[in-house]
Every structure is written in C-alpha cells, then in structure tokens.
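Everything below belongs to entry26.cif, which stores mmCIF, C-alpha atoms.
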data_input
#
loop_
_atom_site.label_atom_id
_atom_site.label_comp_id
_atom_site.auth_asym_id
_atom_site.auth_seq_id
_atom_site.Cartn_x
_atom_site.Cartn_y
_atom_site.Cartn_z
CA MET A 1 87.60 133.34 163.04
CA ALA A 2 87.50 136.73 164.69
CA LEU A 3 84.00 137.59 163.49
CA ARG A 4 82.26 134.32 164.27
CA ALA A 5 80.46 133.74 167.51
CA ASP A 6 80.95 130.62 169.57
CA LYS A 7 77.67 131.21 171.39
CA HIS A 8 74.93 133.79 170.97
CA GLU A 9 74.95 136.78 168.65
CA TYR A 10 73.13 140.05 169.33
CA GLY A 11 72.80 143.38 167.57
CA TRP A 12 73.16 146.61 169.51
CA ASN A 13 72.45 149.94 167.84
CA PRO A 14 72.82 152.58 170.56
CA TRP A 15 72.24 155.25 167.93
CA HIS A 16 70.90 155.17 164.39
CA GLY A 17 71.67 157.22 161.30
CA CYS A 18 74.91 158.18 159.60
CA THR A 19 76.46 160.53 157.03
CA ARG A 20 78.00 159.36 153.76
CA ILE A 21 81.74 160.07 153.63
CA SER A 22 83.28 157.86 150.93
CA PRO A 23 82.48 155.82 147.78
CA GLY A 24 81.46 152.74 149.79
CA CYS A 25 78.57 154.73 151.30
CA LEU A 26 76.80 155.38 148.00
CA ASN A 27 74.18 152.63 148.33
CA CYS A 28 74.19 152.33 152.10
CA TYR A 29 71.53 149.93 153.36
CA VAL A 30 70.69 152.22 156.30
CA TYR A 31 69.31 154.86 153.96
CA ARG A 32 67.56 152.20 151.90
CA GLN A 33 65.89 150.59 154.92
CA ASP A 34 64.77 153.91 156.35
CA ALA A 35 63.24 154.86 153.00
CA ALA A 36 61.43 151.52 152.83
CA PHE A 37 59.94 152.04 156.28
CA GLY A 38 59.07 155.66 155.61
CA THR A 39 61.16 156.99 158.49
CA ALA A 40 60.34 160.65 159.08
CA ILE A 41 63.82 161.51 160.39
CA PRO A 42 66.45 161.43 157.61
CA SER A 43 69.18 158.79 157.88
CA SER A 44 71.81 161.52 157.83
CA ARG A 45 70.65 162.69 161.28
CA ALA A 46 71.85 160.41 164.06
CA ARG A 47 69.56 159.81 167.01
CA LYS A 48 69.82 157.81 170.20
CA THR A 49 67.74 154.63 170.20
CA ALA A 50 65.56 152.86 172.74
CA ASP A 51 68.18 150.08 172.87
CA TYR A 52 70.89 152.42 174.11
CA ASN A 53 71.33 150.56 177.42
CA LEU A 54 70.87 147.06 175.99
CA PRO A 55 74.22 145.63 177.20
CA VAL A 56 73.34 146.35 180.84
CA ARG A 57 69.63 145.68 180.62
CA ARG A 58 68.42 142.94 182.94
CA THR A 59 65.58 140.45 182.83
CA ARG A 60 62.98 140.10 185.56
CA SER A 61 65.15 137.44 187.16
CA GLY A 62 67.99 139.95 187.49
CA ARG A 63 70.22 138.40 184.84
CA PHE A 64 71.66 140.40 181.97
CA ALA A 65 69.46 140.24 178.88
CA ILE A 66 72.62 139.60 176.85
CA PRO A 67 74.22 136.52 178.44
CA SER A 68 77.88 136.10 179.20
CA GLY A 69 79.95 134.83 176.27
CA SER A 70 77.80 136.50 173.63
CA VAL A 71 79.05 138.43 170.61
CA VAL A 72 77.43 141.83 170.10
CA PHE A 73 77.50 143.44 166.66
CA THR A 74 77.58 147.10 167.58
CA CYS A 75 76.30 150.17 165.76
CA PHE A 76 75.58 148.50 162.43
CA THR A 77 73.00 151.16 161.50
CA SER A 78 75.46 153.97 162.10
CA ASP A 79 79.19 154.39 162.77
CA PHE A 80 80.44 154.05 166.35
CA LEU A 81 82.89 156.93 165.78
CA LEU A 82 80.35 159.27 164.16
CA GLU A 83 80.81 162.86 165.35
CA ASP A 84 77.07 163.24 165.90
CA ALA A 85 77.30 160.56 168.61
CA ASP A 86 80.11 162.15 170.65
CA GLN A 87 77.64 163.06 173.40
CA TRP A 88 76.51 159.42 173.81
CA ARG A 89 79.74 157.47 173.29
CA ALA A 90 81.31 157.80 176.75
CA ALA A 91 78.41 156.00 178.40
CA ALA A 92 78.46 153.39 175.63
CA TRP A 93 82.15 152.73 176.32
CA GLU A 94 81.34 152.38 180.01
CA MET A 95 78.76 149.69 179.24
CA ILE A 96 81.30 147.91 177.03
CA ARG A 97 83.88 148.07 179.81
CA LEU A 98 81.40 146.81 182.39
CA ARG A 99 80.40 143.87 180.18
CA SER A 100 83.93 142.46 179.85
CA ASP A 101 82.29 139.01 179.61
CA VAL A 102 80.83 139.92 176.21
CA THR A 103 82.64 140.57 172.90
CA PHE A 104 81.68 143.77 171.06
CA ILE A 105 82.39 144.26 167.35
CA PHE A 106 82.09 147.51 165.44
CA PHE A 107 83.16 148.58 161.96
CA THR A 108 84.12 152.14 161.10
CA LYS A 109 84.96 154.31 158.12
CA ARG A 110 86.17 156.98 160.56
CA ILE A 111 89.26 155.35 162.01
CA GLU A 112 90.98 158.76 162.08
CA ARG A 113 88.68 159.63 165.01
CA PHE A 114 89.53 156.59 167.11
CA ALA A 115 92.22 158.17 169.29
CA GLU A 116 90.00 161.10 170.31
CA ALA A 117 86.92 158.88 170.72
CA ALA A 118 88.53 156.11 172.81
CA PRO A 119 87.84 155.97 176.56
CA PRO A 120 90.47 157.37 178.97
CA ASP A 121 91.44 153.91 180.22
CA TRP A 122 91.79 152.35 176.77
CA GLY A 123 95.56 151.85 177.10
CA GLU A 124 96.55 148.94 174.87
CA GLY A 125 92.90 148.22 174.17
CA TYR A 126 90.00 146.31 175.69
CA ASP A 127 90.21 142.53 175.32
CA ASN A 128 86.49 142.34 174.56
CA VAL A 129 86.44 144.80 171.63
CA ILE A 130 87.03 143.94 167.97
CA VAL A 131 87.47 146.96 165.71
CA GLY A 132 86.98 146.62 161.97
CA CYS A 133 88.40 149.28 159.66
CA THR A 134 86.32 149.42 156.47
CA VAL A 135 88.09 149.96 153.14
CA GLU A 136 86.28 149.71 149.83
CA ASN A 137 89.01 150.63 147.34
CA GLN A 138 92.75 151.26 147.22
CA GLN A 139 92.40 154.97 147.89
CA MET A 140 90.54 154.36 151.15
CA ALA A 141 92.96 151.58 152.11
CA GLU A 142 95.92 153.92 151.74
CA ARG A 143 94.13 156.64 153.68
CA ARG A 144 92.79 154.56 156.59
CA LEU A 145 95.01 151.53 157.08
CA PRO A 146 98.25 153.35 158.01
CA LEU A 147 96.26 155.02 160.81
CA PHE A 148 94.64 151.72 161.80
CA ALA A 149 98.00 149.94 161.88
CA ALA A 150 99.43 152.50 164.31
CA LEU A 151 96.58 152.28 166.84
CA ASN A 152 96.65 150.34 170.10
CA ILE A 153 93.80 147.91 169.42
CA ARG A 154 94.11 144.33 170.62
CA ARG A 155 91.77 142.80 168.05
CA LYS A 156 91.83 144.31 164.57
CA VAL A 157 90.06 143.24 161.40
CA ILE A 158 89.99 144.76 157.92
CA VAL A 159 86.55 144.87 156.33
CA ALA A 160 86.78 145.13 152.54
CA ALA A 161 83.12 145.80 151.88
CA PRO A 162 81.58 146.74 149.63
CA LEU A 163 84.68 145.75 147.66
CA LEU A 164 84.75 148.06 144.64
CA GLY A 165 87.96 146.88 142.99
CA PRO A 166 91.33 145.18 143.50
CA LEU A 167 93.07 145.83 146.82
CA ASN A 168 96.70 145.53 147.83
CA LEU A 169 96.60 144.99 151.60
CA MET A 170 100.08 143.52 151.95
CA PRO A 171 101.67 146.62 153.56
CA TRP A 172 99.32 146.35 156.56
CA LEU A 173 98.66 142.65 157.09
CA ASP A 174 101.58 142.35 159.53
CA SER A 175 100.22 145.08 161.83
CA GLY A 176 98.26 142.83 164.16
CA ILE A 177 95.38 142.13 161.77
CA ALA A 178 93.42 139.08 162.93
CA GLU A 179 91.17 138.74 159.89
CA VAL A 180 90.19 140.25 156.56
CA SER A 181 86.49 139.99 155.74
CA VAL A 182 85.35 140.65 152.15
CA GLY A 183 81.87 141.28 150.78
CA GLY A 184 79.92 142.80 147.93
CA GLU A 185 77.17 145.38 147.79
CA SER A 186 73.47 144.57 148.17
CA GLY A 187 70.34 146.37 147.06
CA PRO A 188 69.10 148.04 143.86
CA GLY A 189 71.91 149.53 141.79
CA ALA A 190 74.55 147.43 143.55
CA ARG A 191 78.00 147.67 142.03
CA VAL A 192 79.65 144.51 140.72
CA LEU A 193 81.93 142.44 142.94
CA ASP A 194 84.81 140.90 140.96
CA TYR A 195 85.45 137.40 142.29
CA GLN A 196 89.06 137.56 141.09
CA ALA A 197 89.64 140.54 143.40
CA VAL A 198 88.23 138.46 146.26
CA LEU A 199 90.59 135.57 145.46
CA ASP A 200 93.55 137.93 145.25
CA ILE A 201 92.87 139.28 148.74
CA ARG A 202 92.62 135.69 149.92
CA ARG A 203 96.03 134.99 148.37
CA GLN A 204 97.53 137.95 150.25
CA CYS A 205 96.06 136.71 153.53
CA ILE A 206 97.45 133.22 153.03
CA GLU A 207 100.90 134.64 152.30
CA ARG A 208 100.80 136.66 155.52
CA GLN A 209 99.04 133.95 157.56
CA VAL A 210 96.02 136.15 158.30
CA ALA A 211 92.51 134.71 158.53
CA PHE A 212 90.28 135.40 155.54
CA ARG A 213 86.50 135.37 155.27
CA PHE A 214 84.25 135.84 152.25
CA HIS A 215 81.09 136.92 154.05
CA GLN A 216 78.78 138.14 151.25
CA THR A 217 78.61 137.95 147.45
CA GLY A 218 76.59 141.11 147.04
CA ALA A 219 73.77 141.40 144.51
CA ARG A 220 76.02 141.27 141.43
CA LEU A 221 78.99 138.93 141.24
CA LEU A 222 81.42 138.77 138.30
CA LYS A 223 82.84 135.27 138.00
CA ASP A 224 84.37 133.51 134.99
CA GLY A 225 83.33 136.33 132.67
CA ARG A 226 79.67 136.27 133.72
CA ILE A 227 77.75 138.59 136.06
CA TYR A 228 75.42 136.69 138.38
CA SER A 229 72.42 138.38 140.01
CA ILE A 230 72.02 137.02 143.53
CA PRO A 231 68.92 137.75 145.66
CA ARG A 232 69.58 139.28 149.07
CA GLN A 233 68.52 136.18 151.01
CA PHE A 234 71.15 134.03 149.27
CA GLN A 235 74.16 136.37 149.33
CA HIS A 236 75.69 135.10 152.59
CA ARG A 237 74.87 131.50 151.78
CA GLN A 238 76.45 131.66 148.33
CA ALA A 239 79.60 133.23 149.78
CA ALA A 240 79.83 130.36 152.28
CA ARG A 241 79.31 127.81 149.50
CA ALA A 242 82.38 129.16 147.71
CA ALA A 243 84.35 127.51 150.56
CA ILE A 244 87.30 129.89 150.30
CA ASP A 245 87.52 131.01 153.93
CA TYR A 246 90.97 130.55 155.40
CA THR A 247 92.17 130.02 158.96
CA PRO A 248 95.95 129.90 159.58
#

Could I get this file's structure written as structure tokens?
Amino acid sequence: MALRADKHEYGWNPWHGCTRISPGCLNCYVYRQDAAFGTAIPSSRARKTADYNLPVRRTRSGRFAIPSGSVVFTCFTSDFLLEDADQWRAAAWEMIRLRSDVTFIFFTKRIERFAEAAPPDWGEGYDNVIVGCTVENQQMAERRLPLFAALNIRRKVIVAAPLLGPLNLMPWLDSGIAEVSVGGESGPGARVLDYQAVLDIRRQCIERQVAFRFHQTGARLLKDGRIYSIPRQFQHRQAARAAIDYTP
C-alpha cells in the first residue's frame, strides 16, 4: 500500500494554518483543534513552525532525528501548496531532496498550484515523494483530477476524504494512480459517510487494478439503512475491521 509505512512514521508540519477553499474544508480539524487549544492566531493565517527543519535535524550523536527508511506525513495541519507558504516552500523542498532516504507524503486541495510550486529540478518527480490529490465530491474530482493526471509525479494517490457523496473516478484511475484512500468526516457536525459509496469506489479500483484503502469511517456512517455514530478513537479501527482494503 502506498500510504503504509514499512518502518517508522513521523509527522512534519513545517507550517501551520490554512484557508478553506471547498466543501470538504467545512469542518476542518485544524480549525477545530486550534479552537480547542485556544490558539491566539487564527487557523486561516499560516505561520512557520518550530519543526520547520525537522527532516534535517540531528541528534547529539550526529544522526538524523528521523531515521532512514521512515515515512513522513507532511503538512497535515496545512496544505503544502498553500500560497501563504510560498516563501518557505523552496527550503522545504531542499530538505525533502536531501533526505532521499525518507518517503514524504502530502495531500493537497490545491493541485492546480503544483507546477508553479515544484522545485526546479523536479523533472519526472522525486522518487521519495507521494502526492495525494484530495477530492470530496464529483465536482472537485472533475476540477482537480484532470490536472493531477497530467502532472509528472512518480507516486500519485487519490484521497477521497471527507467523502461527501458518490464518486466516479474511472476516467482517472489509469493515469498512474497507485492508490485511492477513502474516509469520512470526524468531529461535531460531521456529515454522513455512505458506505455504499465507499464500496462503489472500491469496485472501480478493483476493475482498474488500483490499490484501495478505507482509512476512516468518520463520525457518522450510513450502512444498511442505519446511521452509526462512531467515536473518534474508533474510526480508523472500525474502517480496518471492515476488511475491504484491496491490493492488486
């Protein structure tokens, strides 16, 4: 699976904060977490974090703090292609390039900015970078996925989360997509995830021989005519228990 680590997993948030741009952003957990912690700076204002140089940080023994072979989930409290972060991204790319022994994963709702935000030596893509294009409904799929399909990215995944309705991904599954990962929405006021829509995306992936992963149920799951309320701590576990992941 493209999004599963063989060794260690780390989170790297070189900057924090984002701006809502589409329906999937409505109940964004970044805003919710900042409100819970009483953050003085609004979530809509991106700021550089103290972990900015984490990939190249070393221990007292001189070794990298993030060991070789790790998987680094990147910018999960923002968007790596956010315009506000243009001033910081070049150095972030340089750290990613330097740490070619580590796999970096980031998801984006701003795939239209990828070409202008990529490093000068990107070429056909970095082997150690997985890019996930997030699509929450058919409108966003039709807007973002044609752009995603045309980009030179070696390792592409589609992230259907929070899934807000049925999705037809068939037109783009043959464009070098390694995996489709599906999930619901968490938090108060979460919108319902229809399990039948999840199964239909799985069917599409099987037909096209693309890996499929059901990574999160969300807080409200519609299955067999009943809406289940699932506490946050069980949402990943319950998705795994469904046992519907697929590897070609």

Spell out the residues picked by the PyMOL selection byres ((chain A and resi 8-22) around 6) here, as a PyMOL selection string.
-> chain A and resi 7+23-25+43-49+51-52+70-75+77-78

Can you write out the residues you just picked, keeping C-alpha atoms, as a PDB file, in the coordinates of the input?
ATOM      1  CA  LYS A   7      77.670 131.210 171.390  1.00  0.00           C
ATOM      2  CA  PRO A  23      82.480 155.820 147.780  1.00  0.00           C
ATOM      3  CA  GLY A  24      81.460 152.740 149.790  1.00  0.00           C
ATOM      4  CA  CYS A  25      78.570 154.730 151.300  1.00  0.00           C
ATOM      5  CA  SER A  43      69.180 158.790 157.880  1.00  0.00           C
ATOM      6  CA  SER A  44      71.810 161.520 157.830  1.00  0.00           C
ATOM      7  CA  ARG A  45      70.650 162.690 161.280  1.00  0.00           C
ATOM      8  CA  ALA A  46      71.850 160.410 164.060  1.00  0.00           C
ATOM      9  CA  ARG A  47      69.560 159.810 167.010  1.00  0.00           C
ATOM     10  CA  LYS A  48      69.820 157.810 170.200  1.00  0.00           C
ATOM     11  CA  THR A  49      67.740 154.630 170.200  1.00  0.00           C
ATOM     12  CA  ASP A  51      68.180 150.080 172.870  1.00  0.00           C
ATOM     13  CA  TYR A  52      70.890 152.420 174.110  1.00  0.00           C
ATOM     14  CA  SER A  70      77.800 136.500 173.630  1.00  0.00           C
ATOM     15  CA  VAL A  71      79.050 138.430 170.610  1.00  0.00           C
ATOM     16  CA  VAL A  72      77.430 141.830 170.100  1.00  0.00           C
ATOM     17  CA  PHE A  73      77.500 143.440 166.660  1.00  0.00           C
ATOM     18  CA  THR A  74      77.580 147.100 167.580  1.00  0.00           C
ATOM     19  CA  CYS A  75      76.300 150.170 165.760  1.00  0.00           C
ATOM     20  CA  THR A  77      73.000 151.160 161.500  1.00  0.00           C
ATOM     21  CA  SER A  78      75.460 153.970 162.100  1.00  0.00           C
TER      22      SER A  78
END

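Applied to the file shown here, the PyMOL selection byres ((chain A and resi 206) around 12) selects Leu169, Met170, Leu173, Asp174, Glu179, Val180, Leu199, Asp200, Ile201, Arg202, Arg203, Gln204, Cys205, Glu207, Arg208, Gln209, Val210, Ala211, Phe212, Arg213, Ile244, Asp245, Tyr246, Thr247 and Pro248 of chain A.
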
Measuring atom to atom with only C-alpha atoms, identify which of A:Arg57, A:Lys156, A:His215, A:Arg99 is nearest to Ala240 in chain A.
->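 Comparing A:Arg57, A:Lys156, A:His215, A:Arg99 against Ala240 in chain A, the winner is A:His215.
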
At most 12 Å is the cut-off: for each residue in range 92-182 of chain A with any atom that close to an atom of range 79-83 of chain A, write down the nearest atom pair and the distance in Å rounded to one decimal, counting all atoms listed in the file, chain first then increasing number, as a tab-separated table.
residue	atom	partner	partner_atom	distance
A:Ala92	CA	A:Phe80	CA	9.5
A:Trp93	CA	A:Phe80	CA	10.2
A:Phe104	CA	A:Phe80	CA	11.4
A:Ile105	CA	A:Phe80	CA	10.0
A:Phe106	CA	A:Phe80	CA	6.8
A:Phe107	CA	A:Asp79	CA	7.1
A:Thr108	CA	A:Asp79	CA	5.7
A:Lys109	CA	A:Asp79	CA	7.4
A:Arg110	CA	A:Leu81	CA	6.2
A:Ile111	CA	A:Leu81	CA	7.6
A:Glu112	CA	A:Leu81	CA	9.1
A:Arg113	CA	A:Leu81	CA	6.4
A:Phe114	CA	A:Leu81	CA	6.8
A:Ala115	CA	A:Leu81	CA	10.0
A:Glu116	CA	A:Leu81	CA	9.4
A:Ala117	CA	A:Leu81	CA	6.7
A:Ala118	CA	A:Leu81	CA	9.1
A:Pro119	CA	A:Leu81	CA	11.9
A:Val131	CA	A:Phe80	CA	10.0
A:Gly132	CA	A:Phe80	CA	10.8
A:Cys133	CA	A:Asp79	CA	11.0
A:Thr134	CA	A:Asp79	CA	10.7

Can you work out the spacing between CA of Gly183 in chain A and CA of Leu221 in chain A in Å, to one decimal?
->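 Taking CA of Gly183 in chain A as the start and CA of Leu221 in chain A as the end point, the length is 10.2 Å.
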
Quick one: everything within 7 Å of Arg155 in chain A, counting all atoms listed in the file, minus sequence neighbours fewer than 4 positions away in the same chain. Send it as a tab-separated table (two decimals) with C-alpha atoms, in the frame of the given file.
chain	number	residue	atom	x	y	z
A	129	VAL	CA	86.44	144.80	171.63
A	130	ILE	CA	87.03	143.94	167.97
A	131	VAL	CA	87.47	146.96	165.71
A	178	ALA	CA	93.42	139.08	162.93

Do you know which residues the PyMOL selection byres ((chain A and resi 192) around 10) returns on this file, as a ChimeraX atom specification?
-> /A:162-165,184-186,189-191,193-195,217-222,227-229

Of the candidates A:Leu145, A:Cys28, A:Ala35, A:Asp101, which one gets nearest to Phe64 in chain A if we count all atoms listed in the file?
->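 Using all atoms listed in the file, the shortest distance to Phe64 in chain A belongs to A:Asp101.
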
Can you pull out every residue within 8 Å of Gly125 in chain A, counting only C-alpha atoms, but drop anything in the same chain fewer than 3 positions away, and send it as a PyMOL selection string?
-> chain A and resi 122+129+152-154

Could you check how far CA of Leu98 in chain A sits from CA of Val159 in chain A, in Å to one decimal?
->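 These atoms are spaced 26.6 Å apart.
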
Mind pulling up the distance from CA of Tyr29 in chain A to CA of Ala50 in chain A?
->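 It comes out at 20.5 Å.
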
Put a box with edges along x, y and z around all the listed atoms of range 12-28 of chain A, pad it by 6 Å on each side, then give me its centre and sizes in Å, one decimal, as JSON.
{"center_x": 77.1, "center_y": 153.6, "center_z": 159.2, "size_x": 24.4, "size_y": 25.9, "size_z": 34.8}

For Phe214 in chain A, list every protein, DNA or RNA residue within 6 Å, evaluated using only C-alpha atoms, and leave out those in the same chain fewer than 3 positions away; present the list as an MDAnalysis selection string.
-> chainID A and resid 181:182 239

Written selection (C-alpha atoms) as a compact mmCIF listing (two decimals), in the frame of the given file:
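As a result, again.txt now contains:
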# COMPACT_ATOMS: atom_id res chain seq x y z
CA SER A 181 86.49 139.99 155.74
CA VAL A 182 85.35 140.65 152.15
CA ALA A 239 79.60 133.23 149.78
